[in-house]
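A.B. asks: Below you'll find input08.tsv; it's TSV, C-alpha atoms.
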chain	number	residue	atom	x	y	z
A	1	MET	CA	38.07	64.77	63.46
A	2	ARG	CA	38.35	62.74	66.65
A	3	ILE	CA	41.57	62.59	68.61
A	4	LYS	CA	42.12	60.40	71.66
A	5	VAL	CA	44.15	62.49	74.08
A	6	LYS	CA	45.92	60.86	77.04
A	7	LEU	CA	47.45	63.02	79.72
A	8	PHE	CA	50.03	61.95	82.29
A	9	ALA	CA	51.20	63.06	85.73
A	10	ASN	CA	50.22	66.63	86.70
A	11	PHE	CA	48.76	67.32	83.24
A	12	ARG	CA	45.72	65.45	84.60
A	13	ASP	CA	45.19	68.03	87.35
A	14	GLY	CA	41.97	69.89	86.55
A	15	ARG	CA	41.81	68.17	83.14
A	16	PHE	CA	41.39	64.43	82.49
A	17	SER	CA	43.34	61.19	82.09
A	18	ILE	CA	41.94	60.16	78.74
A	19	GLU	CA	39.36	61.80	76.52
A	20	ASP	CA	38.12	61.65	72.92
A	21	GLN	CA	38.10	65.20	71.62
A	22	GLU	CA	36.88	66.82	68.43
A	23	TYR	CA	39.31	68.99	66.45
A	24	PRO	CA	39.19	70.57	62.99
A	25	PRO	CA	41.23	69.03	60.16
A	26	GLY	CA	44.81	70.25	60.03
A	27	THR	CA	45.14	70.45	63.82
A	28	ARG	CA	48.73	70.18	64.99
A	29	ILE	CA	49.86	68.69	68.32
A	30	ALA	CA	50.88	72.20	69.43
A	31	ASP	CA	47.29	73.42	68.86
A	32	ILE	CA	45.94	70.76	71.21
A	33	VAL	CA	48.59	71.60	73.81
A	34	LYS	CA	47.56	75.25	73.63
A	35	LYS	CA	43.84	74.44	73.84
A	36	LEU	CA	44.51	72.36	76.95
A	37	GLY	CA	46.19	75.36	78.55
A	38	ILE	CA	49.58	73.66	78.75
A	39	GLU	CA	52.65	75.83	78.19
A	40	PRO	CA	54.96	74.44	75.46
A	41	GLU	CA	57.92	74.38	77.87
A	42	GLU	CA	55.97	72.13	80.25
A	43	ILE	CA	55.89	69.36	77.65
A	44	GLY	CA	58.31	66.48	77.98
A	45	ILE	CA	57.60	63.49	75.79
A	46	ILE	CA	54.93	63.49	73.09
A	47	LEU	CA	53.77	60.16	71.77
A	48	LEU	CA	51.64	59.77	68.66
A	49	GLU	CA	50.51	56.18	68.11
A	50	SER	CA	53.08	55.24	70.78
A	51	LYS	CA	55.91	56.81	68.74
A	52	HIS	CA	57.80	60.01	69.48
A	53	ALA	CA	56.30	63.05	67.83
A	54	GLU	CA	57.05	66.76	67.49
A	55	PRO	CA	54.68	69.62	68.39
A	56	GLU	CA	54.44	70.80	64.78
A	57	GLN	CA	53.16	67.46	63.58
A	58	GLU	CA	49.63	67.48	62.07
A	59	LEU	CA	47.10	64.97	63.29
A	60	THR	CA	44.69	62.77	61.38
A	61	ASP	CA	41.28	61.46	62.37
A	62	GLY	CA	41.41	58.74	65.03
A	63	ALA	CA	44.92	59.66	66.19
A	64	ASN	CA	46.11	58.61	69.65
A	65	LEU	CA	48.08	61.34	71.36
A	66	ALA	CA	49.86	61.09	74.74
A	67	LEU	CA	51.44	64.03	76.55
A	68	PHE	CA	53.95	63.70	79.38
A	69	PRO	CA	55.27	66.62	81.42
A	70	LEU	CA	58.93	67.46	81.65
A	71	LEU	CA	60.41	66.18	84.93
A	72	GLY	CA	63.83	67.33	86.08
A	73	GLY	CA	64.02	67.10	89.88
A	74	GLY	CA	66.54	65.03	91.76
B	1	MET	CA	100.53	37.42	103.72
B	2	VAL	CA	97.54	37.04	101.41
B	3	LYS	CA	97.56	33.32	102.03
B	4	GLU	CA	97.87	33.79	105.79
B	5	LEU	CA	95.04	36.32	105.78
B	6	GLY	CA	92.90	33.86	103.84
B	7	GLN	CA	93.68	31.13	106.37
B	8	PHE	CA	92.91	33.48	109.27
B	9	LEU	CA	89.58	34.44	107.72
B	10	THR	CA	88.68	30.82	107.04
B	11	ALA	CA	89.40	30.01	110.69
B	12	GLU	CA	87.44	33.02	111.94
B	13	ALA	CA	84.43	32.47	109.69
B	14	ALA	CA	81.44	30.74	111.20
B	15	GLY	CA	80.38	28.55	108.31
B	16	GLU	CA	80.85	30.85	105.35
B	17	LEU	CA	80.08	34.05	107.22
B	18	LEU	CA	82.60	36.53	108.58
B	19	SER	CA	81.39	38.72	111.43
B	20	TRP	CA	82.22	42.43	111.52
B	21	SER	CA	84.29	41.93	114.69
B	22	SER	CA	86.39	39.30	112.89
B	23	GLN	CA	86.76	41.63	109.92
B	24	VAL	CA	88.10	44.36	112.22
B	25	LYS	CA	90.30	41.85	114.06
B	26	ALA	CA	91.86	40.71	110.77
B	27	SER	CA	92.39	44.31	109.74
B	28	LYS	CA	94.31	45.06	112.95
B	29	GLN	CA	96.25	41.81	113.02
B	30	PHE	CA	97.43	42.04	109.41
B	31	GLY	CA	97.70	45.84	109.24
B	32	VAL	CA	95.36	46.12	106.26
B	33	SER	CA	92.12	48.06	105.74
B	34	VAL	CA	88.70	46.51	106.40
B	35	ALA	CA	88.14	46.93	102.65
B	36	GLN	CA	91.17	44.77	101.91
B	37	VAL	CA	89.92	42.19	104.41
B	38	GLU	CA	86.53	42.21	102.71
B	39	GLU	CA	88.05	41.59	99.30
B	40	ALA	CA	90.28	38.82	100.69
B	41	ALA	CA	87.28	37.16	102.36
B	42	LEU	CA	85.09	37.34	99.26
B	43	THR	CA	87.96	36.01	97.14
B	44	VAL	CA	88.09	32.80	99.21
B	45	GLY	CA	84.28	32.48	99.20
B	46	ILE	CA	83.66	33.89	102.68
B	47	LEU	CA	80.81	36.35	102.94
B	48	PRO	CA	80.94	39.25	105.39
B	49	ALA	CA	77.97	38.55	107.67
B	50	ARG	CA	76.38	41.91	106.87
B	51	TYR	CA	75.53	40.56	103.40
B	52	GLN	CA	73.90	37.32	104.53
B	53	ARG	CA	70.41	38.56	103.58
B	54	ASN	CA	71.75	39.43	100.12
B	55	ARG	CA	72.87	35.87	99.60
B	56	GLN	CA	69.79	34.39	97.95
B	57	THR	CA	69.73	37.36	95.56
B	58	ILE	CA	73.43	38.05	95.13
B	59	SER	CA	75.90	35.17	95.31
B	60	THR	CA	79.24	35.52	97.08
B	61	GLU	CA	80.95	35.65	93.66
B	62	ASN	CA	78.64	38.50	92.64
B	63	GLN	CA	79.23	40.21	95.96
B	64	LEU	CA	82.93	40.29	95.00
B	65	VAL	CA	82.03	41.79	91.62
B	66	LEU	CA	80.06	44.53	93.41
B	67	PHE	CA	82.89	45.10	95.85
B	68	ARG	CA	85.35	45.63	93.00
B	69	SER	CA	82.96	48.01	91.23
B	70	ARG	CA	82.95	51.77	91.06
B	71	VAL	CA	79.77	53.82	90.68
B	72	ALA	CA	79.65	57.59	90.30
B	73	VAL	CA	76.59	59.30	91.78
B	74	LEU	CA	75.88	62.79	90.47
B	75	GLY	CA	73.93	64.65	93.12
B	76	CYS	CA	73.66	63.69	96.80
B	77	GLY	CA	70.28	65.27	97.54
B	78	GLY	CA	66.82	63.69	97.16
B	79	LEU	CA	67.68	60.89	94.77
B	80	GLY	CA	71.41	60.78	95.46
B	81	GLY	CA	71.11	60.29	99.22
B	82	TYR	CA	69.07	57.13	98.78
B	83	VAL	CA	71.23	55.98	95.87
B	84	VAL	CA	74.49	56.28	97.87
B	85	GLU	CA	72.92	54.63	100.94
B	86	GLN	CA	71.60	51.67	98.97
B	87	LEU	CA	74.79	51.19	96.95
B	88	ALA	CA	76.79	51.14	100.21
B	89	ARG	CA	74.45	48.66	101.91
B	90	LEU	CA	74.48	46.53	98.75
B	91	GLY	CA	78.25	46.35	99.01
B	92	VAL	CA	79.43	48.35	95.99
B	93	GLY	CA	83.08	48.88	96.94
B	94	ASN	CA	83.73	52.31	95.45
B	95	ILE	CA	81.28	55.17	95.28
B	96	VAL	CA	82.09	58.62	93.96
B	97	ALA	CA	79.63	61.06	95.57
B	98	ILE	CA	79.48	64.36	93.72
B	99	ASP	CA	77.51	67.42	94.84
B	100	PRO	CA	78.54	71.08	95.18
B	101	ASP	CA	75.79	71.99	97.67
B	102	VAL	CA	75.34	72.10	101.43
B	103	PHE	CA	72.19	71.02	103.29
B	104	GLU	CA	69.48	73.61	103.77
B	105	GLU	CA	66.29	73.51	105.80
B	106	HIS	CA	64.07	72.86	102.77
B	107	ASN	CA	66.00	69.61	102.16
B	108	LEU	CA	64.82	68.08	105.45
B	109	ASN	CA	61.50	66.81	104.02
B	110	ARG	CA	63.21	64.22	101.82
B	111	GLN	CA	67.00	64.19	101.61
B	112	LEU	CA	68.22	61.13	103.49
B	113	PHE	CA	71.51	62.52	104.79
B	114	SER	CA	70.07	65.86	105.84
B	115	SER	CA	69.48	66.50	109.53
B	116	ILE	CA	69.25	69.55	111.77
B	117	ALA	CA	72.80	68.90	112.95
B	118	TRP	CA	74.08	68.72	109.37
B	119	LEU	CA	72.48	71.91	108.03
B	120	GLY	CA	75.15	73.93	106.24
B	121	ARG	CA	77.33	70.86	105.68
B	122	SER	CA	78.49	69.52	102.34
B	123	LYS	CA	76.12	66.92	100.91
B	124	ALA	CA	79.02	65.00	99.36
B	125	GLN	CA	80.99	64.96	102.63
B	126	SER	CA	77.84	63.93	104.52
B	127	ALA	CA	77.47	60.99	102.14
B	128	PHE	CA	81.03	59.98	103.00
B	129	GLU	CA	80.40	60.18	106.74
B	130	ARG	CA	77.08	58.38	106.59
B	131	VAL	CA	78.60	55.47	104.65
B	132	SER	CA	81.55	55.33	107.09
B	133	GLU	CA	78.99	54.63	109.81
B	134	ILE	CA	77.13	51.98	107.82
B	135	ASN	CA	79.84	50.16	105.91
B	136	PRO	CA	83.46	51.23	106.41
B	137	ALA	CA	84.58	48.63	103.84
B	138	VAL	CA	83.04	50.84	101.16
B	139	THR	CA	85.27	53.61	99.86
B	140	VAL	CA	83.38	56.84	99.24
B	141	THR	CA	85.20	59.54	97.32
B	142	ALA	CA	83.40	62.76	98.25
B	143	ARG	CA	83.65	65.59	95.71
B	144	GLN	CA	82.13	68.90	96.73
B	145	ILE	CA	82.12	70.20	93.20
B	146	ALA	CA	79.61	70.89	90.46
B	147	TYR	CA	79.78	68.49	87.57
B	148	ALA	CA	80.62	70.33	84.35
B	149	PRO	CA	81.70	69.13	80.92
B	150	ASP	CA	85.31	70.21	81.58
B	151	ASN	CA	85.65	68.14	84.76
B	152	GLY	CA	83.33	65.32	83.69
B	153	ILE	CA	85.97	62.94	82.42
B	154	GLU	CA	88.08	63.33	85.56
B	155	LEU	CA	85.08	62.88	87.90
B	156	LEU	CA	83.68	59.85	86.14
B	157	GLN	CA	86.92	58.10	85.22
B	158	GLY	CA	86.95	54.44	86.21
B	159	ALA	CA	83.23	54.22	86.97
B	160	GLN	CA	81.43	51.20	85.51
B	161	VAL	CA	78.08	52.90	86.00
B	162	VAL	CA	77.04	56.55	86.39
B	163	VAL	CA	73.84	57.35	88.29
B	164	ASP	CA	72.04	60.57	87.47
B	165	ALA	CA	70.59	62.12	90.63
B	166	LEU	CA	70.87	65.69	89.36
B	167	ASP	CA	68.24	68.41	89.52
B	168	SER	CA	69.07	70.34	86.36
B	169	ILE	CA	68.17	69.39	82.81
B	170	PRO	CA	71.13	71.06	81.04
B	171	THR	CA	73.56	69.44	83.52
B	172	ARG	CA	71.94	66.07	82.81
B	173	MET	CA	72.42	66.55	79.10
B	174	ALA	CA	76.08	67.45	79.62
B	175	LEU	CA	76.49	64.38	81.86
B	176	CYS	CA	74.88	62.29	79.16
B	177	GLN	CA	77.51	63.54	76.70
B	178	SER	CA	80.39	62.71	79.09
B	179	CYS	CA	78.99	59.20	79.58
B	180	LEU	CA	78.79	58.69	75.82
B	181	GLU	CA	82.41	59.85	75.47
B	182	LEU	CA	83.57	57.59	78.30
B	183	GLN	CA	81.44	54.70	76.99
B	184	VAL	CA	79.86	54.16	80.39
B	185	PRO	CA	76.19	53.31	81.06
B	186	LEU	CA	74.07	56.07	82.59
B	187	VAL	CA	71.11	55.34	84.85
B	188	HIS	CA	68.77	58.31	84.63
B	189	GLY	CA	66.15	59.26	87.19
B	190	ALA	CA	64.08	62.42	87.60
B	191	ILE	CA	61.23	63.39	89.89
B	192	ALA	CA	58.55	66.03	90.43
B	193	GLY	CA	55.79	65.81	93.03
B	194	TRP	CA	54.05	62.41	92.88
B	195	TYR	CA	55.78	61.59	89.61
B	196	GLY	CA	59.05	60.13	88.45
B	197	GLN	CA	60.86	58.48	85.56
B	198	VAL	CA	63.77	56.09	85.16
B	199	THR	CA	65.69	54.82	82.18
B	200	THR	CA	69.14	53.43	81.42
B	201	GLN	CA	71.22	54.64	78.52
B	202	PHE	CA	74.08	52.54	77.18
B	203	PRO	CA	76.99	53.82	75.10
B	204	GLY	CA	75.96	54.71	71.57
B	205	GLU	CA	72.32	55.33	72.51
B	206	ASN	CA	70.50	58.66	72.63
B	207	THR	CA	67.67	57.98	75.07
B	208	LEU	CA	68.13	61.16	77.11
B	209	GLN	CA	68.14	63.22	73.95
B	210	LYS	CA	64.76	61.71	73.13
B	211	ILE	CA	63.43	62.54	76.59
B	212	TYR	CA	64.70	66.08	76.90
B	213	GLY	CA	65.59	67.20	73.38
B	214	PRO	CA	66.98	70.72	73.07
B	215	ARG	CA	65.74	72.49	76.19
B	216	ALA	CA	66.33	76.05	77.20
B	217	GLN	CA	64.88	75.75	80.70
B	218	SER	CA	66.72	74.02	83.52
B	219	LYS	CA	63.72	72.79	85.52
B	220	GLY	CA	60.61	70.75	84.82
B	221	ALA	CA	57.36	70.23	86.72
B	222	GLU	CA	59.26	70.04	90.04
B	223	LYS	CA	59.58	73.82	89.91
B	224	GLU	CA	55.85	74.01	90.68
B	225	LEU	CA	55.29	70.66	92.38
B	226	GLY	CA	58.34	70.37	94.61
B	227	ASN	CA	59.26	66.88	95.85
B	228	PRO	CA	57.77	64.95	98.78
B	229	SER	CA	59.62	62.31	100.83
B	230	PHE	CA	58.51	59.15	99.04
B	231	THR	CA	59.05	59.93	95.35
B	232	PRO	CA	62.86	60.20	95.52
B	233	ALA	CA	63.00	56.99	97.57
B	234	VAL	CA	61.02	55.06	94.92
B	235	VAL	CA	62.92	56.42	91.93
B	236	ALA	CA	66.33	56.08	93.63
B	237	SER	CA	65.60	52.45	94.53
B	238	ILE	CA	64.78	51.65	90.91
B	239	GLU	CA	67.97	53.41	89.81
B	240	VAL	CA	70.03	51.29	92.23
B	241	ALA	CA	68.36	48.10	90.98
B	242	GLU	CA	69.36	49.16	87.46
B	243	ALA	CA	72.95	49.88	88.53
B	244	CYS	CA	73.16	46.52	90.33
B	245	LYS	CA	71.96	44.63	87.25
B	246	ILE	CA	74.41	46.45	84.98
B	247	LEU	CA	77.30	45.62	87.31
B	248	LEU	CA	76.27	41.97	87.59
B	249	GLN	CA	75.11	41.67	83.98
B	250	LYS	CA	71.85	40.07	84.99
B	251	GLY	CA	68.15	40.65	84.50
B	252	GLU	CA	66.52	43.13	82.15
B	253	VAL	CA	67.38	46.79	82.41
B	254	LEU	CA	65.28	49.76	81.25
B	255	ARG	CA	67.19	49.95	78.00
B	256	ASN	CA	65.50	51.82	75.14
B	257	ARG	CA	62.46	52.17	77.38
B	258	GLU	CA	61.47	54.53	80.15
B	259	LEU	CA	59.47	53.73	83.25
B	260	ILE	CA	56.99	56.50	84.02
B	261	ILE	CA	55.86	56.47	87.65
B	262	ASN	CA	52.66	58.04	88.96
B	263	LEU	CA	52.33	57.55	92.72
B	264	LEU	CA	49.11	59.59	92.92
B	265	ASP	CA	47.16	57.25	90.61
B	266	MET	CA	49.61	54.44	91.48
B	267	SER	CA	50.23	53.58	87.87
B	268	PHE	CA	53.44	52.57	86.16
B	269	GLN	CA	53.72	53.20	82.44
B	270	GLU	CA	56.44	52.09	80.06
B	271	ILE	CA	57.47	54.11	77.03
B	272	ALA	CA	59.51	52.41	74.33
B	273	PHE	CA	62.17	54.33	72.41
Mind converting the file's structure to structure tokens?

C.D. replies:
Amino acid sequence: MRIKVKLFANFRDGRFSIEDQEYPPGTRIADIVKKLGIEPEEIGIILLESKHAEPEQELTDGANLALFPLLGGG
Amino acid sequence: MVKELGQFLTAEAAGELLSWSSQVKASKQFGVSVAQVEEAALTVGILPARYQRNRQTISTENQLVLFRSRVAVLGCGGLGGYVVEQLARLGVGNIVAIDPDVFEEHNLNRQLFSSIAWLGRSKAQSAFERVSEINPAVTVTARQIAYAPDNGIELLQGAQVVVDALDSIPTRMALCQSCLELQVPLVHGAIAGWYGQVTTQFPGENTLQKIYGPRAQSKGAEKELGNPSFTPAVVASIEVAEACKILLQKGEVLRNRELIINLLDMSFQEIAF
């Protein structure tokens, strides 16, 4: 299935801003995060179809996923 | 005496503007603080001349609202330095500046109040001294103390707005809880490298919970990316604009939405909650 993955801030470094990627059925958000080489604790907000989502959530064909890093500096 | 002070200020004012020298003169002549003179002037529609470039944006009536306001700023480092500076120049009458730390050399790349001469000095106390040089009519309460849930209520009491300029995620979440208990709006900002985010949480809302959720770690991407000079200035300025609008009840704030800032790609994204 095809998933549109959007990355933000430093997640783009050495990766991409937006890409259509192919994943097997049953793929969870956490699987994509792992495949991208992003540590789970680096993740801030996850948006699926512009709505908040959890890492364990399974994706369906054509899903739009956006990953934002956790920012905490001041 | 109030009436006489008002008459004196009206006589001293050139048009509707009161010069700083007249403000000081009134303070000495009537034995009151420059802050009291400022309030008396604003009350009779006279604007201290320092605010004349505010005037098309902030009316004299609104300048009085700002003067009578109290804003608590948590953290006086990268974000907090700019936040305190801008609140003071804006004319917010009472600022509580809270930070347990002292300036260190690695702060010099971005923290507004840091300087070689002030290395080793309290950030909160430095905020007080800096504002005394810029705008002595503004009262800064400097607290060299770490915010914690058990002192939160005491530190934030009386503030109409709380500005988050912290650098720790668990402390932010505790602050968020105190603000919910005190029913006070919280302007949140965070930075890392080229990136930043700002949102405003009102009482009864759980925006920060949605952003951070249950986190074990205290730091985010800034641990790897550090912070350059310009990102805190951008994010702090947006936080102050939010605080100003809350105090004056005007404009649209970042309520139930978060502004995501990317200064490398120069893109601004909005997330709705």

A.B. asks: With the cut-off set at 7 Å and counting only C-alpha atoms, tabulate each residue of chain B with an atom at most that distance from an atom of chain A, showing the nearest atom pair and its distance in Å to one decimal, ordered by chain and increasing number, as a tab-separated table.

C.D. replies:
residue	atom	partner	partner_atom	distance
B:Gly77	CA	A:Gly74	CA	6.9
B:Gly78	CA	A:Gly74	CA	5.6
B:Leu79	CA	A:Gly74	CA	5.2
B:Ala165	CA	A:Gly74	CA	5.1
B:Leu166	CA	A:Gly74	CA	5.0
B:Asp167	CA	A:Gly74	CA	4.4
B:Ser168	CA	A:Gly72	CA	6.0
B:Ile169	CA	A:Gly72	CA	5.8
B:Ala190	CA	A:Gly72	CA	5.1
B:Ile191	CA	A:Gly73	CA	4.6
B:Ala192	CA	A:Gly73	CA	5.6
B:Tyr195	CA	A:Ala9	CA	6.2
B:Ile211	CA	A:Ile45	CA	6.0
B:Tyr212	CA	A:Gly44	CA	6.5
B:Lys219	CA	A:Gly72	CA	5.5
B:Gly220	CA	A:Leu71	CA	4.6
B:Ala221	CA	A:Leu71	CA	5.4
B:Glu222	CA	A:Gly73	CA	5.6
B:Asn262	CA	A:Ala9	CA	6.1

A.B. asks: Skipping near chain neighbours, those fewer than 5 positions away, what residues fall within 10 Å of Lys6 (chain A) using only C-alpha atoms, listed as a count of residues only?

C.D. replies: 13

A.B. asks: Would you kindly return, as a ChimeraX atom specification, each protein, DNA or RNA residue with an atom no farther than 8 Å from any atom of Glu22 (chain A), considering all atoms listed in the file and excluding same-chain residues fewer than 5 positions away?

C.D. replies: /A:1-3

A.B. asks: Do a neighbour search on Thr27 (chain A) at 8 Å with only C-alpha atoms, toss out local chain neighbours closer than 5 positions, and write the hits as a list of chain:residue names.

C.D. replies: A:Ile32, A:Glu58, A:Leu59

A.B. asks: Within 8 Å of region 17-27 of chain B, counting all atoms listed in the file, which residues show up once you throw out same-chain ones fewer than 2 positions away? Write them as a list in words, please.

C.D. replies: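 Result of the neighbour search: Leu5, Phe8, Leu9, Glu12, Ala13, Ala14, Gly15, Gln29, Phe30, Gly31, Val32, Ser33, Val34, Gln36, Val37, Glu38, Ala41, Ile46, Leu47, Pro48, Ala49, Arg50 and Gln52 of chain B.
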
A.B. asks: Could you pull the residues within 6 Å of Phe67 (chain B), counting only C-alpha atoms, minus those fewer than 5 positions along the same chain, as a count of residues only?

C.D. replies: 3

A.B. asks: Rounded to one decimal in Å, what is the spacing between CA of Gly81 (chain B) and CA of Val161 (chain B)?

C.D. replies: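 So the answer is 16.7 Å.
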
A.B. asks: Could you jot down the CA of Ile260 (chain B) to CA of Gly152 (chain B) separation for me, Å, one decimal place?

C.D. replies: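 Calculated distance between CA of Ile260 (chain B) and CA of Gly152 (chain B) is 27.8 Å.
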
A.B. asks: Would you mind reading off the distance between CA of Val163 (chain B) and CA of Leu42 (chain B), one decimal, in Å?

C.D. replies: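 Computing the Euclidean distance for CA of Val163 (chain B) and CA of Leu42 (chain B) yields 25.4 Å.
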